[in-house]
$ cat data_14.tsv   # TSV, C-alpha atoms
chain	number	residue	atom	x	y	z
A	1	MET	CA	124.26	126.61	99.08
A	2	SER	CA	124.33	127.77	95.48
A	3	PHE	CA	122.96	125.39	92.82
A	4	THR	CA	123.75	125.43	89.10
A	5	ARG	CA	120.35	124.07	88.01
A	6	THR	CA	116.92	123.65	89.60
A	7	VAL	CA	114.74	120.72	88.55
A	8	LEU	CA	111.06	120.24	89.42
A	9	VAL	CA	109.70	116.69	89.29
A	10	THR	CA	105.93	116.33	89.62
A	11	GLY	CA	104.85	112.95	90.94
A	12	GLY	CA	108.33	112.36	92.30
A	13	SER	CA	107.14	110.04	95.06
A	14	GLY	CA	105.57	107.57	92.66
A	15	PHE	CA	107.27	104.52	91.21
A	16	ILE	CA	108.99	106.06	88.19
A	17	GLY	CA	109.21	109.49	89.78
A	18	SER	CA	111.04	108.25	92.89
A	19	HIS	CA	113.64	106.46	90.77
A	20	LEU	CA	114.09	109.62	88.70
A	21	VAL	CA	114.39	111.86	91.76
A	22	CYS	CA	116.94	109.56	93.43
A	23	SER	CA	119.00	109.44	90.25
A	24	LEU	CA	118.95	113.23	89.85
A	25	VAL	CA	119.86	113.86	93.49
A	26	ASN	CA	122.69	111.32	93.56
A	27	LYS	CA	124.23	112.17	90.20
A	28	ASN	CA	123.99	115.96	90.48
A	29	PRO	CA	124.89	117.29	93.96
A	30	ASP	CA	125.12	120.80	92.48
A	31	TRP	CA	121.50	120.68	91.24
A	32	LYS	CA	118.49	121.47	93.40
A	33	ILE	CA	115.82	118.78	92.96
A	34	ILE	CA	112.25	119.67	94.01
A	35	ASN	CA	109.69	116.89	94.29
A	36	LEU	CA	106.03	117.99	94.13
A	37	ASP	CA	103.68	115.15	95.05
A	38	ASN	CA	100.33	114.78	96.84
A	39	LEU	CA	101.29	111.32	98.20
A	40	ASP	CA	98.38	109.43	96.66
A	41	TYR	CA	97.68	105.80	97.57
A	42	CYS	CA	100.32	104.48	95.15
A	43	CYS	CA	103.14	106.56	96.67
A	44	SER	CA	105.32	105.79	99.66
A	45	PRO	CA	107.63	108.23	101.45
A	46	ARG	CA	109.89	105.22	102.02
A	47	SER	CA	110.78	105.30	98.33
A	48	LEU	CA	112.86	108.41	98.99
A	49	GLU	CA	114.33	107.58	102.41
A	50	SER	CA	117.84	107.32	100.99
A	51	ILE	CA	117.92	110.95	99.83
A	52	GLU	CA	115.44	112.81	102.04
A	53	GLN	CA	118.22	114.37	104.15
A	54	ARG	CA	120.34	115.42	101.17
A	55	ALA	CA	121.05	119.14	100.89
A	56	ASN	CA	120.01	119.28	97.24
A	57	TYR	CA	116.60	117.65	97.74
A	58	THR	CA	113.33	119.37	98.66
A	59	PHE	CA	109.92	117.77	99.05
A	60	MET	CA	106.71	119.77	98.63
A	61	ARG	CA	103.37	118.13	99.24
A	62	GLY	CA	100.75	119.49	96.86
A	63	ASP	CA	98.30	118.94	94.02
A	64	VAL	CA	99.38	119.56	90.43
A	65	CYS	CA	95.90	120.96	89.79
A	66	ASP	CA	96.51	123.72	92.37
A	67	PHE	CA	97.44	126.57	90.03
A	68	ARG	CA	97.98	129.03	92.89
A	69	LEU	CA	100.52	126.69	94.50
A	70	LEU	CA	102.26	126.13	91.17
A	71	LYS	CA	102.52	129.86	90.48
A	72	GLN	CA	104.02	130.35	93.94
A	73	ILE	CA	106.63	127.64	93.29
A	74	PHE	CA	107.61	129.13	89.94
A	75	SER	CA	107.73	132.63	91.46
A	76	CYS	CA	109.98	131.59	94.34
A	77	GLU	CA	112.22	129.15	92.46
A	78	ASN	CA	114.10	129.64	89.22
A	79	ILE	CA	113.04	126.33	87.69
A	80	ASP	CA	115.28	125.30	84.81
A	81	VAL	CA	113.75	121.88	84.07
A	82	ILE	CA	110.34	120.29	84.66
A	83	PHE	CA	109.78	116.54	84.51
A	84	HIS	CA	106.00	116.17	84.56
A	85	LEU	CA	105.18	112.63	85.71
A	86	ALA	CA	102.24	113.23	88.07
A	87	ALA	CA	99.29	111.24	86.71
A	88	LYS	CA	96.60	108.69	87.42
A	89	THR	CA	97.78	105.57	85.59
A	90	HIS	CA	95.80	102.45	86.50
A	91	VAL	CA	93.78	101.57	83.38
A	92	GLU	CA	91.19	99.48	85.20
A	93	SER	CA	90.40	102.34	87.59
A	94	SER	CA	89.99	104.75	84.69
A	95	PHE	CA	86.87	102.88	83.56
A	96	GLU	CA	85.36	103.37	87.03
A	97	THR	CA	86.32	107.02	87.67
A	98	PRO	CA	87.17	108.67	84.33
A	99	SER	CA	86.52	112.18	85.71
A	100	VAL	CA	89.34	111.74	88.24
A	101	PHE	CA	91.72	110.81	85.42
A	102	GLN	CA	90.57	113.81	83.40
A	103	ARG	CA	91.20	116.14	86.33
A	104	VAL	CA	94.69	114.92	87.19
A	105	ASN	CA	96.00	113.99	83.75
A	106	ILE	CA	94.50	116.82	81.68
A	107	ASP	CA	93.74	119.66	84.10
A	108	GLY	CA	96.92	118.96	86.07
A	109	THR	CA	99.05	119.11	82.94
A	110	LYS	CA	97.30	122.32	81.89
A	111	ALA	CA	98.04	123.87	85.29
A	112	VAL	CA	101.72	122.91	85.31
A	113	LEU	CA	102.17	124.12	81.73
A	114	GLY	CA	100.42	127.41	82.45
A	115	ALA	CA	102.41	128.13	85.59
A	116	ALA	CA	105.69	127.22	83.91
A	117	HIS	CA	104.94	129.35	80.86
A	118	GLN	CA	103.96	132.36	82.99
A	119	ALA	CA	106.97	132.02	85.29
A	120	PRO	CA	109.23	135.11	85.52
A	121	TYR	CA	112.21	132.78	84.87
A	122	ARG	CA	111.85	130.83	81.61
A	123	PRO	CA	112.47	127.06	81.97
A	124	GLN	CA	114.89	125.40	79.57
A	125	ARG	CA	113.01	122.10	79.27
A	126	PHE	CA	109.54	120.72	80.00
A	127	ILE	CA	109.62	116.93	79.67
A	128	TYR	CA	106.23	115.24	79.65
A	129	VAL	CA	106.22	111.50	80.38
A	130	SER	CA	103.44	109.81	78.41
A	131	THR	CA	102.69	106.20	77.44
A	132	ASP	CA	102.70	103.82	74.48
A	133	GLU	CA	98.99	103.30	75.14
A	134	VAL	CA	98.13	106.52	73.29
A	135	TYR	CA	98.73	104.61	70.03
A	136	GLY	CA	96.09	101.98	70.75
A	137	ASP	CA	96.96	98.37	70.04
A	138	SER	CA	98.37	96.62	66.98
A	139	LEU	CA	98.89	93.03	65.90
A	140	ASP	CA	101.42	93.84	63.18
A	141	GLU	CA	102.08	97.59	62.83
A	142	VAL	CA	105.05	98.97	64.76
A	143	PHE	CA	104.34	102.49	65.97
A	144	ASP	CA	106.82	105.30	65.46
A	145	GLU	CA	106.44	108.85	66.72
A	146	ASN	CA	104.44	109.88	63.63
A	147	SER	CA	101.83	107.12	63.99
A	148	PRO	CA	98.28	108.37	64.63
A	149	LEU	CA	96.97	108.36	68.18
A	150	ARG	CA	94.06	105.95	68.80
A	151	PRO	CA	93.63	105.72	72.58
A	152	SER	CA	91.06	103.11	73.54
A	153	ASN	CA	90.44	103.62	77.27
A	154	PRO	CA	89.86	106.61	79.57
A	155	TYR	CA	93.44	106.54	80.88
A	156	SER	CA	95.15	106.59	77.49
A	157	ALA	CA	92.63	109.14	76.18
A	158	THR	CA	93.56	111.57	78.98
A	159	LYS	CA	97.27	111.04	78.33
A	160	ALA	CA	96.75	111.73	74.61
A	161	ALA	CA	94.75	114.87	75.41
A	162	ALA	CA	97.52	116.04	77.73
A	163	GLU	CA	100.04	115.45	74.96
A	164	TYR	CA	98.08	117.75	72.67
A	165	LEU	CA	98.15	120.43	75.36
A	166	VAL	CA	101.91	120.05	75.77
A	167	GLN	CA	102.49	120.16	72.02
A	168	SER	CA	100.30	123.27	71.70
A	169	TYR	CA	102.65	125.19	73.97
A	170	TRP	CA	105.49	124.45	71.57
A	171	ASP	CA	103.40	125.32	68.51
A	172	SER	CA	101.97	128.51	70.01
A	173	TYR	CA	104.75	129.84	72.22
A	174	LYS	CA	107.86	127.82	71.34
A	175	PHE	CA	107.83	126.70	74.95
A	176	PRO	CA	110.62	124.07	75.09
A	177	VAL	CA	108.70	120.81	75.51
A	178	ILE	CA	109.71	117.18	74.91
A	179	ILE	CA	107.26	114.26	75.02
A	180	THR	CA	108.19	110.66	75.80
A	181	ARG	CA	106.04	107.57	75.18
A	182	SER	CA	107.19	104.57	77.18
A	183	ASN	CA	106.50	100.85	77.17
A	184	ASN	CA	105.48	99.19	80.46
A	185	ILE	CA	108.11	100.19	83.03
A	186	TYR	CA	108.77	97.76	85.88
A	187	GLY	CA	111.15	97.32	88.80
A	188	PRO	CA	111.49	97.68	92.59
A	189	ARG	CA	108.98	99.83	94.52
A	190	GLN	CA	106.19	99.67	91.94
A	191	TYR	CA	102.72	99.72	93.52
A	192	THR	CA	100.89	96.41	93.70
A	193	GLU	CA	98.08	97.29	91.26
A	194	LYS	CA	100.49	96.87	88.31
A	195	VAL	CA	100.80	93.42	86.82
A	196	ILE	CA	104.28	92.30	87.97
A	197	PRO	CA	104.00	93.44	91.61
A	198	ARG	CA	100.38	92.22	91.66
A	199	PHE	CA	101.45	88.70	90.68
A	200	LEU	CA	104.37	88.76	93.12
A	201	THR	CA	102.18	89.97	95.98
A	202	LEU	CA	99.54	87.31	95.31
A	203	LEU	CA	102.17	84.58	95.20
A	204	GLN	CA	103.77	85.79	98.44
A	205	MET	CA	100.34	85.37	100.05
A	206	SER	CA	100.06	81.87	98.49
A	207	LYS	CA	97.25	83.06	96.24
A	208	LYS	CA	96.83	82.39	92.53
A	209	CYS	CA	97.84	84.83	89.80
A	210	THR	CA	94.64	86.32	88.39
A	211	ILE	CA	94.59	86.57	84.59
A	212	GLN	CA	92.00	88.93	83.13
A	213	GLY	CA	90.12	87.38	80.21
A	214	THR	CA	91.36	84.76	77.78
A	215	LEU	CA	92.79	86.90	74.95
A	216	PRO	CA	96.53	86.59	74.16
A	217	VAL	CA	97.51	89.89	75.76
A	218	SER	CA	101.21	90.74	75.76
A	219	ARG	CA	103.26	93.71	76.93
A	220	HIS	CA	106.75	95.07	76.34
A	221	PHE	CA	108.57	95.46	79.67
A	222	LEU	CA	111.31	98.06	80.21
A	223	PHE	CA	113.37	98.06	83.40
A	224	VAL	CA	113.05	101.30	85.34
A	225	ASP	CA	116.79	102.11	85.27
A	226	ASP	CA	116.76	102.07	81.47
A	227	ALA	CA	113.72	104.36	81.40
A	228	ILE	CA	115.41	106.84	83.76
A	229	ASN	CA	118.55	106.84	81.62
A	230	ALA	CA	116.39	107.66	78.59
A	231	PHE	CA	114.75	110.61	80.35
A	232	LEU	CA	118.11	111.96	81.48
A	233	MET	CA	119.57	111.58	78.00
A	234	LEU	CA	116.63	113.47	76.50
A	235	LEU	CA	117.18	116.27	79.00
A	236	GLU	CA	120.65	116.84	77.57
A	237	LYS	CA	120.33	115.66	73.95
A	238	GLY	CA	116.64	115.71	73.07
A	239	SER	CA	115.34	118.29	70.61
A	240	VAL	CA	112.59	120.59	71.85
A	241	GLY	CA	109.21	120.16	70.20
A	242	GLU	CA	109.93	116.47	69.53
A	243	ILE	CA	108.40	113.17	70.67
A	244	TYR	CA	110.48	110.11	71.57
A	245	ASN	CA	109.40	106.51	72.04
A	246	VAL	CA	111.14	104.76	74.94
A	247	GLY	CA	110.83	101.02	74.58
A	248	THR	CA	112.22	97.54	74.47
A	249	SER	CA	112.13	94.42	72.33
A	250	CYS	CA	111.24	92.35	75.42
A	251	GLU	CA	107.62	91.28	74.79
A	252	ILE	CA	105.93	88.69	76.98
A	253	GLN	CA	102.39	87.33	77.06
A	254	ILE	CA	100.78	88.01	80.43
A	255	VAL	CA	100.01	84.32	80.94
A	256	GLN	CA	103.65	83.43	80.30
A	257	LEU	CA	104.75	86.22	82.66
A	258	ALA	CA	102.61	84.72	85.41
A	259	LYS	CA	104.03	81.26	84.80
A	260	GLU	CA	107.60	82.56	84.90
A	261	LEU	CA	106.99	84.32	88.21
A	262	ILE	CA	105.27	81.24	89.64
A	263	ARG	CA	108.35	79.16	88.84
A	264	MET	CA	110.66	81.77	90.37
A	265	VAL	CA	108.67	82.42	93.55
A	266	LYS	CA	106.97	79.10	94.31
A	267	ASN	CA	109.64	76.82	92.81
A	268	VAL	CA	107.03	74.33	91.62
A	269	PRO	CA	107.46	71.76	88.82
A	270	ASP	CA	106.04	72.61	85.40
A	271	SER	CA	103.19	70.15	85.94
A	272	GLU	CA	101.88	72.30	88.82
A	273	VAL	CA	102.33	75.79	87.35
A	274	ASN	CA	98.79	75.98	85.94
A	275	ASP	CA	97.42	75.26	89.40
A	276	TRP	CA	98.55	78.77	90.38
A	277	LEU	CA	96.57	80.51	87.61
A	278	GLU	CA	93.04	81.84	87.97
A	279	PHE	CA	91.16	83.39	85.04
A	280	VAL	CA	88.85	86.27	85.96
A	281	PRO	CA	86.51	88.57	83.94
A	282	ASP	CA	88.24	91.03	81.65
A	283	ARG	CA	88.05	94.83	81.84
A	284	PRO	CA	85.60	96.56	79.41
A	285	ARG	CA	88.30	96.97	76.77
A	286	VAL	CA	91.77	95.48	76.50
A	287	ASP	CA	94.55	96.23	74.01
A	288	LEU	CA	96.50	93.17	72.92
A	289	ARG	CA	99.96	94.71	72.45
A	290	TYR	CA	101.83	98.01	71.96
A	291	PRO	CA	104.84	97.54	69.65
A	292	ILE	CA	106.87	100.74	69.26
A	293	SER	CA	110.01	101.73	67.39
A	294	CYS	CA	112.74	103.51	69.37
A	295	GLU	CA	115.09	104.30	66.49
A	296	LYS	CA	114.75	108.04	67.04
A	297	LEU	CA	115.94	107.78	70.66
A	298	GLN	CA	118.59	105.21	69.78
A	299	ARG	CA	120.13	107.65	67.30
A	300	LEU	CA	120.96	109.81	70.33
A	301	GLY	CA	122.93	106.89	71.78
A	302	TRP	CA	120.39	105.29	74.14
A	303	ARG	CA	119.97	101.54	74.44
A	304	ALA	CA	118.08	99.41	76.95
A	305	GLU	CA	120.94	97.78	78.87
A	306	VAL	CA	119.19	95.66	81.51
A	307	SER	CA	118.13	92.28	80.16
A	308	TRP	CA	114.77	90.80	81.09
A	309	ALA	CA	116.51	88.03	83.04
A	310	ASP	CA	118.50	90.51	85.14
A	311	GLY	CA	115.66	93.00	85.56
A	312	ILE	CA	113.03	90.51	86.67
A	313	ARG	CA	115.56	88.82	88.99
A	314	GLN	CA	116.29	92.17	90.67
A	315	THR	CA	112.59	92.91	90.92
A	316	VAL	CA	111.61	89.56	92.43
A	317	LYS	CA	114.50	89.77	94.91
A	318	TRP	CA	113.38	93.24	96.04
A	319	TYR	CA	109.75	92.20	96.61
A	320	GLN	CA	110.86	89.14	98.53
A	321	ALA	CA	113.05	91.30	100.77
A	322	ASN	CA	110.41	94.03	101.16
A	323	CYS	CA	107.17	92.09	101.39
A	324	ASN	CA	105.67	94.60	103.86
A	325	PHE	CA	106.68	97.73	101.94
A	326	TRP	CA	103.21	98.50	100.60
A	327	SER	CA	101.19	96.98	103.43
A	328	GLN	CA	102.41	99.86	105.63
A	329	VAL	CA	101.08	102.58	103.29

$ encode --input "data_14.tsv" --output "structure tokens"
Amino acid sequence: MSFTRTVLVTGGSGFIGSHLVCSLVNKNPDWKIINLDNLDYCCSPRSLESIEQRANYTFMRGDVCDFRLLKQIFSCENIDVIFHLAAKTHVESSFETPSVFQRVNIDGTKAVLGAAHQAPYRPQRFIYVSTDEVYGDSLDEVFDENSPLRPSNPYSATKAAAEYLVQSYWDSYKFPVIITRSNNIYGPRQYTEKVIPRFLTLLQMSKKCTIQGTLPVSRHFLFVDDAINAFLMLLEKGSVGEIYNVGTSCEIQIVQLAKELIRMVKNVPDSEVNDWLEFVPDRPRVDLRYPISCEKLQRLGWRAEVSWADGIRQTVKWYQANCNFWSQV
């Protein structure tokens, strides 16, 4: 079968990556979609069951730090587009094993960039998916794409360092890169270490929601479908060499998030909601909030379309229907 475009997604079996891969495969039957993933603990092959037999989908198990493997892929395939999502992302773990985060997030990005740049067939786009955490936190300032980077934990520091690598390939070689910085993305199939699936999993086991520390921590939550639509829009309309924030106005304190999920899952009266909360020691450093401006992306026509009410309802319903999804990994 002849394909009009070949897309490589690194980390395509992860939460965001699997949603992106499924969207690409379903919307573009004339594109070849290659998923390169090492199937780490936070990945499940079940996330891609619906498309694994499709003619335009190929899975390759491998490490993004394996430069020899990457060179082979780029030599054998005429890759038009790279979505680089493969990364270690759990902030709490980054304090415990920062060298692992450095290897995957920095060295892995360096390897993918190098192999793509040296490929005999020049890619049209290299889209690097980063995070709002590279800005550090703010109580009042709203970050735009020109705001200084002030990462405050090992995870965000490695993502910022990787961004500088990506940007250097544009500055030095005019290699066609685009960088995205997203708010917290949530939805079905997210691994249980992240806050929403962690709370839902605890509640399904009739355990309390564990709140780290006592500071008023809040996060902006973006439904995964809206994030995927942003990435796909940037593929077609984004300007190379540019950075785009991908965010939402939906900001919720973590304590209030827990209480909302308790009401939805346990159906308890307000007088009993606090009984399902447990406060535990905080991580070494915590950022209070990450407010970002998305005007640059919105000028291209993107808007977050899934409301918090609809998105969290879909998410809760999925975890209730798939309570053993992650226990089998």

$ closest_atom_pairs --input "data_14.tsv" --of "region 188-272 of chain A" --to "region 11-26 of chain A" --cutoff "9 Å" --atoms "only C-alpha atoms" --output "JSON lines"
{"residue": "A:Pro188", "atom": "CA", "partner": "A:Phe15", "partner_atom": "CA", "distance": 8.2}
{"residue": "A:Arg189", "atom": "CA", "partner": "A:Phe15", "partner_atom": "CA", "distance": 6.0}
{"residue": "A:Gln190", "atom": "CA", "partner": "A:Phe15", "partner_atom": "CA", "distance": 5.0}
{"residue": "A:Tyr191", "atom": "CA", "partner": "A:Phe15", "partner_atom": "CA", "distance": 7.0}
{"residue": "A:Val224", "atom": "CA", "partner": "A:Ile16", "partner_atom": "CA", "distance": 6.9}
{"residue": "A:Asp225", "atom": "CA", "partner": "A:His19", "partner_atom": "CA", "distance": 7.7}
{"residue": "A:Ala227", "atom": "CA", "partner": "A:Ile16", "partner_atom": "CA", "distance": 8.4}
{"residue": "A:Ile228", "atom": "CA", "partner": "A:Leu20", "partner_atom": "CA", "distance": 5.8}
{"residue": "A:Asn229", "atom": "CA", "partner": "A:Leu20", "partner_atom": "CA", "distance": 8.8}
{"residue": "A:Phe231", "atom": "CA", "partner": "A:Leu20", "partner_atom": "CA", "distance": 8.4}
{"residue": "A:Leu232", "atom": "CA", "partner": "A:Leu24", "partner_atom": "CA", "distance": 8.5}

$ atom_distance --input "data_14.tsv" --atom1 "CA of Glu96 (chain A)" --atom2 "CA of Asp137 (chain A)"
21.2 Å

$ residues_around --input "data_14.tsv" --residues "Glu52 (chain A)" --least-positions-apart "2" --cutoff "12 Å" --atoms "all atoms listed in the file" --output "count of residues only"
22

$ residues_around --input "data_14.tsv" --residues "Ser327 (chain A)" --least-positions-apart "4" --cutoff "12 Å" --atoms "all atoms listed in the file" --output "PDB file with C-alpha atoms, in the coordinates of the input"
ATOM      1  CA  TYR A  41      97.680 105.800  97.570  1.00  0.00           C
ATOM      2  CA  CYS A  42     100.320 104.480  95.150  1.00  0.00           C
ATOM      3  CA  CYS A  43     103.140 106.560  96.670  1.00  0.00           C
ATOM      4  CA  SER A  44     105.320 105.790  99.660  1.00  0.00           C
ATOM      5  CA  TYR A 191     102.720  99.720  93.520  1.00  0.00           C
ATOM      6  CA  THR A 192     100.890  96.410  93.700  1.00  0.00           C
ATOM      7  CA  THR A 201     102.180  89.970  95.980  1.00  0.00           C
ATOM      8  CA  TYR A 319     109.750  92.200  96.610  1.00  0.00           C
ATOM      9  CA  ASN A 322     110.410  94.030 101.160  1.00  0.00           C
ATOM     10  CA  CYS A 323     107.170  92.090 101.390  1.00  0.00           C
TER      11      CYS A 323
END

$ closest_residue --input "data_14.tsv" --among "A:Gln298, A:Gln320, A:Asp37, A:Ala111" --to "Met264 (chain A)" --atoms "only C-alpha atoms"
A:Gln320
